[in-house]
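> So here's structure-v2.cif (mmCIF, C-alpha atoms).
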data_run
#
loop_
_atom_site.label_atom_id
_atom_site.label_comp_id
_atom_site.auth_asym_id
_atom_site.auth_seq_id
_atom_site.Cartn_x
_atom_site.Cartn_y
_atom_site.Cartn_z
CA MET A 6 27.28 210.87 185.37
CA PRO A 7 28.82 214.28 186.22
CA LEU A 8 30.24 216.10 183.18
CA SER A 9 33.63 216.25 184.88
CA PHE A 10 34.04 212.51 184.32
CA LEU A 11 33.40 212.74 180.56
CA PRO A 12 36.22 213.19 178.05
CA ARG A 13 36.57 216.77 176.81
CA VAL A 14 35.77 215.77 173.24
CA VAL A 15 32.45 214.27 174.38
CA ILE A 16 31.61 217.44 176.31
CA ALA A 17 32.42 219.50 173.22
CA LEU A 18 30.16 217.36 171.04
CA LEU A 19 27.34 217.60 173.57
CA THR A 20 27.71 221.38 173.66
CA VAL A 21 27.55 221.63 169.86
CA ALA A 22 24.52 219.34 169.74
CA ALA A 23 22.73 221.52 172.29
CA THR A 24 23.37 224.72 170.30
CA PRO A 25 20.46 225.65 167.97
CA LEU A 26 21.39 225.52 164.29
CA HIS A 27 19.32 228.64 163.75
CA PRO A 28 19.50 230.83 166.87
CA THR A 29 16.82 233.43 167.37
CA LEU A 30 17.56 236.72 165.64
CA VAL A 31 17.47 239.76 167.87
CA GLN A 32 14.93 242.40 166.93
CA PRO A 33 16.70 245.41 165.37
CA PRO A 34 16.70 248.65 167.39
CA ILE A 35 13.22 250.17 167.28
CA ILE A 36 12.07 253.73 168.02
CA ALA A 37 9.02 253.10 170.18
CA HIS A 38 5.59 254.34 169.18
CA ALA A 39 5.35 256.41 172.37
CA ARG A 40 8.45 258.40 171.35
CA TRP A 41 6.91 259.83 168.18
CA GLN A 42 3.11 259.67 168.59
CA ALA A 43 0.85 262.66 169.12
CA THR A 44 -1.89 260.31 170.31
CA ALA A 45 -1.90 256.70 171.46
CA PRO A 46 -3.39 254.01 169.18
CA LEU A 47 -7.17 253.73 169.33
CA GLY A 48 -9.62 250.91 168.63
CA HIS A 49 -10.86 247.72 170.26
CA GLY A 50 -9.64 244.15 170.03
CA ALA A 51 -12.26 241.90 168.44
CA ASP A 52 -12.94 238.67 166.62
CA ALA A 53 -13.48 240.36 163.29
CA VAL A 54 -12.56 240.94 159.67
CA ARG A 55 -12.06 244.19 157.76
CA ARG A 56 -11.85 244.40 153.98
CA ASN A 57 -12.13 246.85 151.12
CA VAL A 58 -14.47 245.19 148.63
CA ARG A 59 -15.97 246.06 145.24
CA ALA A 60 -19.48 245.57 143.93
CA GLY A 61 -19.96 241.89 143.19
CA ASP A 62 -17.40 240.75 145.78
CA THR A 63 -18.23 238.27 148.52
CA LEU A 64 -16.89 238.61 152.06
CA THR A 65 -17.14 235.51 154.21
CA PHE A 66 -16.58 235.57 157.97
CA LYS A 67 -17.26 232.42 159.96
CA SER A 68 -20.85 231.36 159.10
CA LEU A 69 -21.81 234.72 157.58
CA GLN A 70 -21.60 235.36 153.85
CA LEU A 71 -21.98 238.95 152.69
CA VAL A 72 -22.18 240.05 149.05
CA VAL A 73 -21.80 243.67 147.95
CA LEU A 74 -24.57 244.04 145.36
CA GLY A 75 -23.74 247.62 144.41
CA THR A 76 -23.33 251.21 145.51
CA SER A 77 -25.46 254.27 144.84
CA ARG A 78 -24.77 258.00 144.67
CA ASN A 79 -26.30 260.82 146.59
CA ALA A 80 -28.29 262.73 143.96
CA THR A 81 -28.68 265.91 145.99
CA ASP A 82 -25.32 266.43 147.67
CA GLY A 83 -22.94 265.55 144.84
CA PRO A 84 -21.56 262.54 142.97
CA LEU A 85 -20.13 260.64 145.95
CA ALA A 86 -21.14 257.00 146.27
CA ASP A 87 -22.58 257.02 149.76
CA SER A 88 -24.82 253.94 150.01
CA VAL A 89 -24.35 250.22 149.51
CA ARG A 90 -26.71 247.26 149.01
CA LEU A 91 -25.69 244.13 150.89
CA ALA A 92 -26.94 240.55 150.60
CA LEU A 93 -26.55 238.57 153.82
CA ALA A 94 -26.71 234.81 154.19
CA GLN A 95 -26.26 232.37 157.05
CA GLY A 96 -27.48 228.84 156.53
CA SER A 97 -31.04 229.12 155.21
CA SER A 98 -31.45 232.73 156.42
CA ARG A 99 -31.27 235.45 153.74
CA GLU A 100 -31.71 239.21 153.78
CA THR A 101 -30.90 242.20 151.60
CA ARG A 102 -30.17 245.59 153.15
CA SER A 103 -29.36 249.07 151.88
CA MET A 104 -27.01 250.96 154.17
CA HIS A 105 -25.64 254.49 154.18
CA GLU A 106 -21.94 255.09 154.57
CA GLY A 107 -21.14 255.19 158.28
CA GLY A 108 -24.04 252.96 159.31
CA ALA A 109 -23.91 249.73 161.31
CA PHE A 110 -26.33 246.95 162.24
CA ASN A 111 -26.53 243.56 163.94
CA TRP A 112 -27.59 240.42 162.13
CA ALA A 113 -27.52 236.77 163.26
CA GLY A 114 -24.98 237.39 166.01
CA PHE A 115 -22.72 239.58 163.87
CA HIS A 116 -22.07 243.32 163.88
CA VAL A 117 -21.62 244.82 160.41
CA ALA A 118 -20.18 248.33 159.98
CA VAL A 119 -20.11 250.20 156.66
CA VAL A 120 -16.98 252.19 157.47
CA ALA A 121 -16.79 253.96 154.11
CA VAL A 122 -18.12 253.95 150.56
CA TYR A 123 -15.51 255.58 148.33
CA GLY A 124 -16.94 257.42 145.36
CA PRO A 125 -15.47 258.87 142.15
CA GLY A 126 -12.44 261.05 142.73
CA GLU A 127 -11.77 259.64 146.20
CA LEU A 128 -8.75 257.52 147.10
CA GLY A 129 -9.97 253.94 146.77
CA ALA A 130 -12.82 254.88 144.44
CA GLY A 131 -15.22 251.98 143.93
CA LEU A 132 -14.30 250.27 147.19
CA VAL A 133 -16.52 249.72 150.22
CA ALA A 134 -14.74 249.42 153.57
CA LEU A 135 -16.55 246.88 155.75
CA GLU A 136 -15.99 245.47 159.22
CA ILE A 137 -17.73 242.33 160.46
CA ALA A 138 -17.33 241.15 164.04
CA THR A 139 -18.97 238.69 166.36
CA GLN A 140 -21.19 240.72 168.66
CA SER A 141 -19.93 238.79 171.68
CA SER A 142 -16.34 239.95 171.09
CA LEU A 143 -17.21 243.67 171.09
CA PRO A 144 -17.59 246.14 173.95
CA PRO A 145 -21.28 247.01 174.46
CA SER A 146 -20.80 250.56 173.14
CA VAL A 147 -19.76 249.14 169.76
CA ALA A 148 -21.97 246.05 169.68
CA THR A 149 -25.17 248.10 170.15
CA SER A 150 -24.25 251.05 167.92
CA ASP A 151 -26.06 251.80 164.66
CA SER A 152 -23.11 253.93 163.61
CA ALA A 153 -19.77 252.71 162.29
CA GLY A 154 -18.19 255.63 164.09
CA GLY A 155 -14.71 257.01 163.58
CA ALA A 156 -11.19 255.81 164.36
CA SER A 157 -11.93 255.29 168.06
CA MET A 158 -14.51 252.60 167.18
CA ARG A 159 -12.36 250.67 164.74
CA LEU A 160 -11.41 247.10 165.49
CA ARG A 161 -7.98 245.68 166.19
CA ILE A 162 -8.01 242.41 164.29
CA PRO A 163 -5.51 239.72 165.37
CA HIS A 164 -3.73 237.83 162.62
CA THR A 165 -1.02 235.24 162.00
CA ILE A 166 1.90 236.47 159.89
CA THR A 167 2.31 234.64 156.57
CA HIS A 168 3.87 237.39 154.41
CA VAL A 169 6.52 240.08 154.87
CA THR A 170 5.53 242.96 152.59
CA LEU A 171 7.36 246.14 151.62
CA HIS A 172 5.57 249.45 151.03
CA HIS A 173 6.38 253.14 150.79
CA THR A 174 4.15 255.81 152.27
CA GLY A 175 3.88 257.42 148.81
CA ASP A 176 3.90 260.98 150.10
CA ALA A 177 3.48 263.82 147.60
CA ARG A 178 7.16 264.66 147.98
CA PRO A 179 10.28 262.79 149.10
CA LEU A 180 11.42 262.79 152.70
CA GLN A 181 14.20 265.37 153.05
CA PRO A 182 17.34 264.96 155.23
CA THR A 183 16.39 268.16 157.07
CA GLU A 184 12.91 266.89 157.98
CA ASP A 185 11.82 265.22 161.19
CA PRO A 186 10.54 261.73 160.21
CA ALA A 187 8.44 261.64 163.37
CA GLN A 188 6.40 264.57 162.10
CA ARG A 189 5.64 262.64 158.92
CA LEU A 190 4.43 259.77 161.09
CA ARG A 191 2.24 262.06 163.17
CA ASN A 192 0.78 263.49 159.95
CA LEU A 193 0.10 259.99 158.64
CA GLN A 194 -1.54 258.94 161.89
CA ALA A 195 -3.76 262.04 161.96
CA TRP A 196 -4.72 261.72 158.28
CA GLY A 197 -5.52 258.02 158.67
CA ALA A 198 -7.79 258.67 161.64
CA ARG A 199 -9.52 261.65 160.01
CA GLU A 200 -9.87 260.48 156.39
CA ARG A 201 -9.81 256.65 156.61
CA ASN A 202 -11.06 255.90 160.14
CA TRP A 203 -7.86 253.96 160.91
CA TRP A 204 -7.08 253.30 164.57
CA ASP A 205 -3.35 253.84 163.98
CA VAL A 206 -0.85 254.24 161.16
CA PRO A 207 -1.44 251.47 158.60
CA TYR A 208 2.03 249.88 158.72
CA HIS A 209 3.76 247.88 161.43
CA PHE A 210 7.22 249.42 161.03
CA LEU A 211 8.46 252.46 159.12
CA LEU A 212 11.99 253.46 158.08
CA ASP A 213 13.57 256.89 157.69
CA LEU A 214 16.48 258.00 155.46
CA GLU A 215 19.10 256.74 157.91
CA GLY A 216 17.51 253.31 158.15
CA ASP A 217 16.18 254.02 161.64
CA VAL A 218 13.12 251.87 162.35
CA TYR A 219 9.98 253.37 163.90
CA GLU A 220 7.32 251.26 165.56
CA GLY A 221 3.93 251.62 163.88
CA ARG A 222 0.79 249.71 164.77
CA ASP A 223 1.22 246.56 166.81
CA TRP A 224 2.25 243.88 164.29
CA HIS A 225 0.06 241.29 166.03
CA PHE A 226 -2.93 243.11 164.49
CA MET A 227 -3.83 243.45 160.82
CA GLY A 228 -2.63 246.54 158.95
CA GLU A 229 -4.53 248.73 156.50
CA THR A 230 -4.60 249.41 152.77
CA ASN A 231 -6.27 251.79 150.33
CA THR A 232 -6.41 248.97 147.77
CA ALA A 233 -8.47 245.79 147.50
CA TYR A 234 -5.95 243.22 148.69
CA ASN A 235 -6.38 241.56 152.07
CA PRO A 236 -3.60 242.75 154.43
CA SER A 237 -4.40 240.11 157.03
CA GLY A 238 -1.28 237.99 157.55
CA HIS A 239 1.05 240.66 156.14
CA PHE A 240 3.91 242.05 158.24
CA LEU A 241 3.95 245.56 156.80
CA ILE A 242 7.24 247.46 156.44
CA SER A 243 7.09 250.91 154.88
CA MET A 244 9.67 253.42 153.74
CA ILE A 245 8.77 256.98 154.73
CA GLY A 246 8.65 259.17 151.61
CA ASN A 247 8.10 258.59 147.90
CA TYR A 248 10.30 256.05 146.17
CA ASP A 249 8.95 256.94 142.77
CA GLN A 250 10.94 260.14 143.34
CA GLN A 251 13.84 259.16 145.61
CA GLU A 252 16.25 256.24 145.74
CA PRO A 253 16.92 254.05 148.78
CA SER A 254 20.32 254.24 150.43
CA SER A 255 22.52 251.28 151.35
CA ALA A 256 21.69 251.97 155.01
CA GLN A 257 17.97 251.70 154.28
CA LEU A 258 18.38 248.46 152.32
CA ALA A 259 20.42 246.98 155.18
CA ALA A 260 17.75 248.02 157.68
CA ILE A 261 15.01 246.48 155.53
CA ALA A 262 16.95 243.21 155.40
CA ASP A 263 17.59 243.23 159.16
CA LEU A 264 13.92 243.80 159.95
CA MET A 265 12.70 241.25 157.40
CA ALA A 266 15.13 238.62 158.67
CA TRP A 267 13.90 239.12 162.22
CA ALA A 268 10.24 238.97 161.11
CA ILE A 269 10.83 235.79 159.11
CA ARG A 270 12.63 234.03 161.96
CA GLU A 271 10.09 235.27 164.54
CA ASN A 272 7.18 233.88 162.51
CA GLY A 273 8.74 230.66 161.21
CA LEU A 274 8.76 231.75 157.56
CA THR A 275 11.26 231.66 154.68
CA VAL A 276 12.44 234.32 152.23
CA ASP A 277 9.67 233.15 149.88
CA ALA A 278 7.32 235.13 152.13
CA ILE A 279 8.94 238.42 151.02
CA GLY A 280 7.05 240.59 148.54
CA GLY A 281 6.04 244.11 147.67
CA HIS A 282 2.62 245.73 147.78
CA TYR A 283 2.52 245.47 143.97
CA HIS A 284 2.53 241.66 144.21
CA TYR A 285 -0.94 241.74 145.80
CA ALA A 286 -2.68 244.80 144.36
CA SER A 287 -2.77 246.98 141.26
CA THR A 288 -0.19 249.51 142.42
CA GLY A 289 3.38 250.61 141.81
CA CYS A 290 4.14 250.55 145.56
CA PRO A 291 6.86 250.52 146.95
CA GLY A 292 7.95 252.80 144.10
CA LYS A 293 9.99 252.47 140.91
CA TYR A 294 13.33 253.03 142.65
CA LEU A 295 12.70 250.43 145.36
CA ARG A 296 10.91 247.73 143.37
CA PRO A 297 14.03 246.63 141.45
CA TYR A 298 15.63 245.40 144.69
CA LEU A 299 12.67 243.07 145.12
CA GLU A 300 12.46 242.09 141.47
CA ASP A 301 16.14 241.15 141.03
CA GLY A 302 16.28 239.22 144.31
CA THR A 303 18.68 241.62 146.08
CA ILE A 304 16.54 241.96 149.20
CA LYS A 305 15.88 238.23 149.43
CA ARG A 306 19.61 237.51 149.13
CA MET A 307 20.43 240.03 151.85
CA VAL A 308 17.79 238.53 154.14
CA GLN A 309 18.94 234.97 153.45
CA GLU A 310 22.50 235.96 154.29
CA ARG A 311 21.37 237.23 157.67
CA LEU A 312 19.32 234.11 158.34
CA THR A 313 22.24 231.86 157.45
CA ARG A 314 25.01 233.56 159.36
CA ARG A 315 23.18 233.85 162.70
#
Can you give me the file's structure in the form of structure tokens?


Amino acid sequence: MPLSFLPRVVIALLTVAATPLHPTLVQPPIIAHARWQATAPLGHGADAVRRNVRAGDTLTFKSLQLVVLGTSRNATDGPLADSVRLALAQGSSRETRSMHEGGAFNWAGFHVAVVAVYGPGELGAGLVALEIATQSSLPPSVATSDSAGGASMRLRIPHTITHVTLHHTGDARPLQPTEDPAQRLRNLQAWGARERNWWDVPYHFLLDLEGDVYEGRDWHFMGETNTAYNPSGHFLISMIGNYDQQEPSSAQLAAIADLMAWAIRENGLTVDAIGGHYHYASTGCPGKYLRPYLEDGTIKRMVQERLTRR
């Protein structure tokens, strides 16, 4: 029956019934990666896992089980831990290998790269950065390499968002109003590629003092950490600067809430998915002046308000 023959009240009820109770939130304004970058993101998409693990830890990927037995130090060139012993297992197959930092090898259809072995005095001391990928998912230049290589050979690892996690970049000094935030991002990108072999900045979105949001690495791929928690599944939001030394503004808190609300709606989550880096690792991140807004529920309340009213 044409709608014109229906009573107006029925049409009104049908219109209300057809309106989603929870309409899609619009993504907040984003400053695109291309507008601030010095170089484009690197890396290769792959079916893979990347983790920072300690001696005694087990890393399981598909049918492969890898145990870090221990690290050793270079006796001639200084006290850096530069080798690792790995125990590999798949079904009834077993093997133990010693690998130097920066080495890679293939085993039972998998490509294993020892990206870094962090020794005493280094950021992440005691951790071994490992990547494991199925050989079939890699470009030939990576799949056949006996070197872990640098940032250009790192793997973009797809993930499904389950957490929305707040960080700060933890710079040596606060971000100043007179500074260009984009330069801080370029510095972070360059440092990450040079010192950590990261294919892009470690976070998915970063905020400046005005609450402007900058696009970081593609959020469909796993971020990075200098700690031992697993960032797979985490939608990483980071405040540019050091929030052990500076306090967030109301504009920044509003921007955090806007971005978190969008991420939660986009990924079918609830405010229970919100946390800080300190919830998952031994760290003070996102800083003593930002943590209280997570701990007293302020950020969750702000996000819930946005989810409810739209």

> Please evaluate the PyMOL selection byres ((chain A and resi 274) around 12) against the structure above and give the resulting residues as number ranges by chain.

A: 165-169, 238-240, 265-273, 275-279, 308-309, 312

> Going by the chain IDs and residue numbers used in this file, which residues fall under the PyMOL selection byres ((chain A and resi 219-223) around 7)? Write them as number ranges by chain.

A: 35-38, 205-212, 217-218, 224-226

> Extract, using only C-alpha atoms, all DNA, RNA and protein residues at most 6 Å from range 174-181 of chain A, discarding same-chain residues fewer than 3 positions from it, and format them as a PyMOL selection string.

chain A and resi 184+245-247

> I need the chosen residues saved as a CSV table (one decimal), in the coordinates of the input, with C-alpha atoms.


chain,number,residue,atom,x,y,z
A,184,GLU,CA,12.9,266.9,158.0
A,245,ILE,CA,8.8,257.0,154.7
A,246,GLY,CA,8.6,259.2,151.6
A,247,ASN,CA,8.1,258.6,147.9

> One decimal, Å: what's the distance from CA of Gln42 in chain A over to CA of Asp213 in chain A, could you say?

15.4 Å

> If we count all atoms listed in the file and set the cut-off at 9 Å, which residues sit around range 148-150 of chain A, ignoring sequence neighbours fewer than 3 positions away in its own chain? Please answer as an MDAnalysis selection string.

chainID A and resid 108:111 115:116 138:145 153:154

> Keeping only C-alpha atoms, write those residues as an mmCIF file, in the coordinates of the input.


data_model
loop_
_atom_site.group_PDB
_atom_site.id
_atom_site.type_symbol
_atom_site.label_atom_id
_atom_site.label_comp_id
_atom_site.auth_asym_id
_atom_site.auth_seq_id
_atom_site.Cartn_x
_atom_site.Cartn_y
_atom_site.Cartn_z
ATOM 1 C CA GLY A 108 -24.040 252.960 159.310
ATOM 2 C CA ALA A 109 -23.910 249.730 161.310
ATOM 3 C CA PHE A 110 -26.330 246.950 162.240
ATOM 4 C CA ASN A 111 -26.530 243.560 163.940
ATOM 5 C CA PHE A 115 -22.720 239.580 163.870
ATOM 6 C CA HIS A 116 -22.070 243.320 163.880
ATOM 7 C CA ALA A 138 -17.330 241.150 164.040
ATOM 8 C CA THR A 139 -18.970 238.690 166.360
ATOM 9 C CA GLN A 140 -21.190 240.720 168.660
ATOM 10 C CA SER A 141 -19.930 238.790 171.680
ATOM 11 C CA SER A 142 -16.340 239.950 171.090
ATOM 12 C CA LEU A 143 -17.210 243.670 171.090
ATOM 13 C CA PRO A 144 -17.590 246.140 173.950
ATOM 14 C CA PRO A 145 -21.280 247.010 174.460
ATOM 15 C CA ALA A 153 -19.770 252.710 162.290
ATOM 16 C CA GLY A 154 -18.190 255.630 164.090
#

> Could you build a table of the residues in range 103-213 of chain A lying no more than 12 Å from range 298-301 of chain A, giving for each the nearest pair of atoms and their separation in Å rounded to one decimal place, using all atoms listed in the file, ordered by chain and ascending residue number, as CSV?


residue,atom,partner,partner_atom,distance
A:Val169,CA,A:Leu299,CA,11.9
A:Thr170,CA,A:Leu299,CA,10.3
A:Leu171,CA,A:Leu299,CA,8.9
A:His172,CA,A:Leu299,CA,11.2

> Which is closest to Ser152 in chain A among A:Leu190, A:Met104, A:Ala260, A:Ala113, if we use all atoms listed in the file?

A:Met104

> Using all atoms listed in the file, which of the listed residues (A:Ser237, A:Thr183, A:Ser98, A:Gln194) sits closest to Ile162 in chain A?

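With all atoms listed in the file as the atom set, the closest residue is A:Ser237.
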
> Write out as JSON an axis-aligned box for range 193-201 of chain A: all of its atoms listed in the file, 8 Å added on each side, centre and edge lengths in Å with one decimal.


{"center_x": -4.9, "center_y": 259.3, "center_z": 159.2, "size_x": 26.0, "size_y": 21.4, "size_z": 21.6}

> Can you work out which one of A:Val72, A:Leu193, A:Ala187, A:Leu128 has the shortest atom-to-atom distance to Arg40 in chain A, counting all atoms listed in the file?

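Checking each of A:Val72, A:Leu193, A:Ala187, A:Leu128 against Arg40 in chain A, counting all atoms listed in the file, the winner is A:Ala187.
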
> Suppose you want the space between CA of Asp52 in chain A and CA of Pro236 in chain A; what is it in Å?

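So the answer is 15.9 Å.
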
> Provide the CA of Ser88 in chain A to CA of Pro163 in chain A distance in Å, to one decimal place.

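So the answer is 28.5 Å.
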
> Hey, what comes out of the PyMOL selection byres ((chain A and resi 283) around 10) on this file? Could you write it as an MDAnalysis selection string?

chainID A and resid 170:172 234 280:282 284:292 296
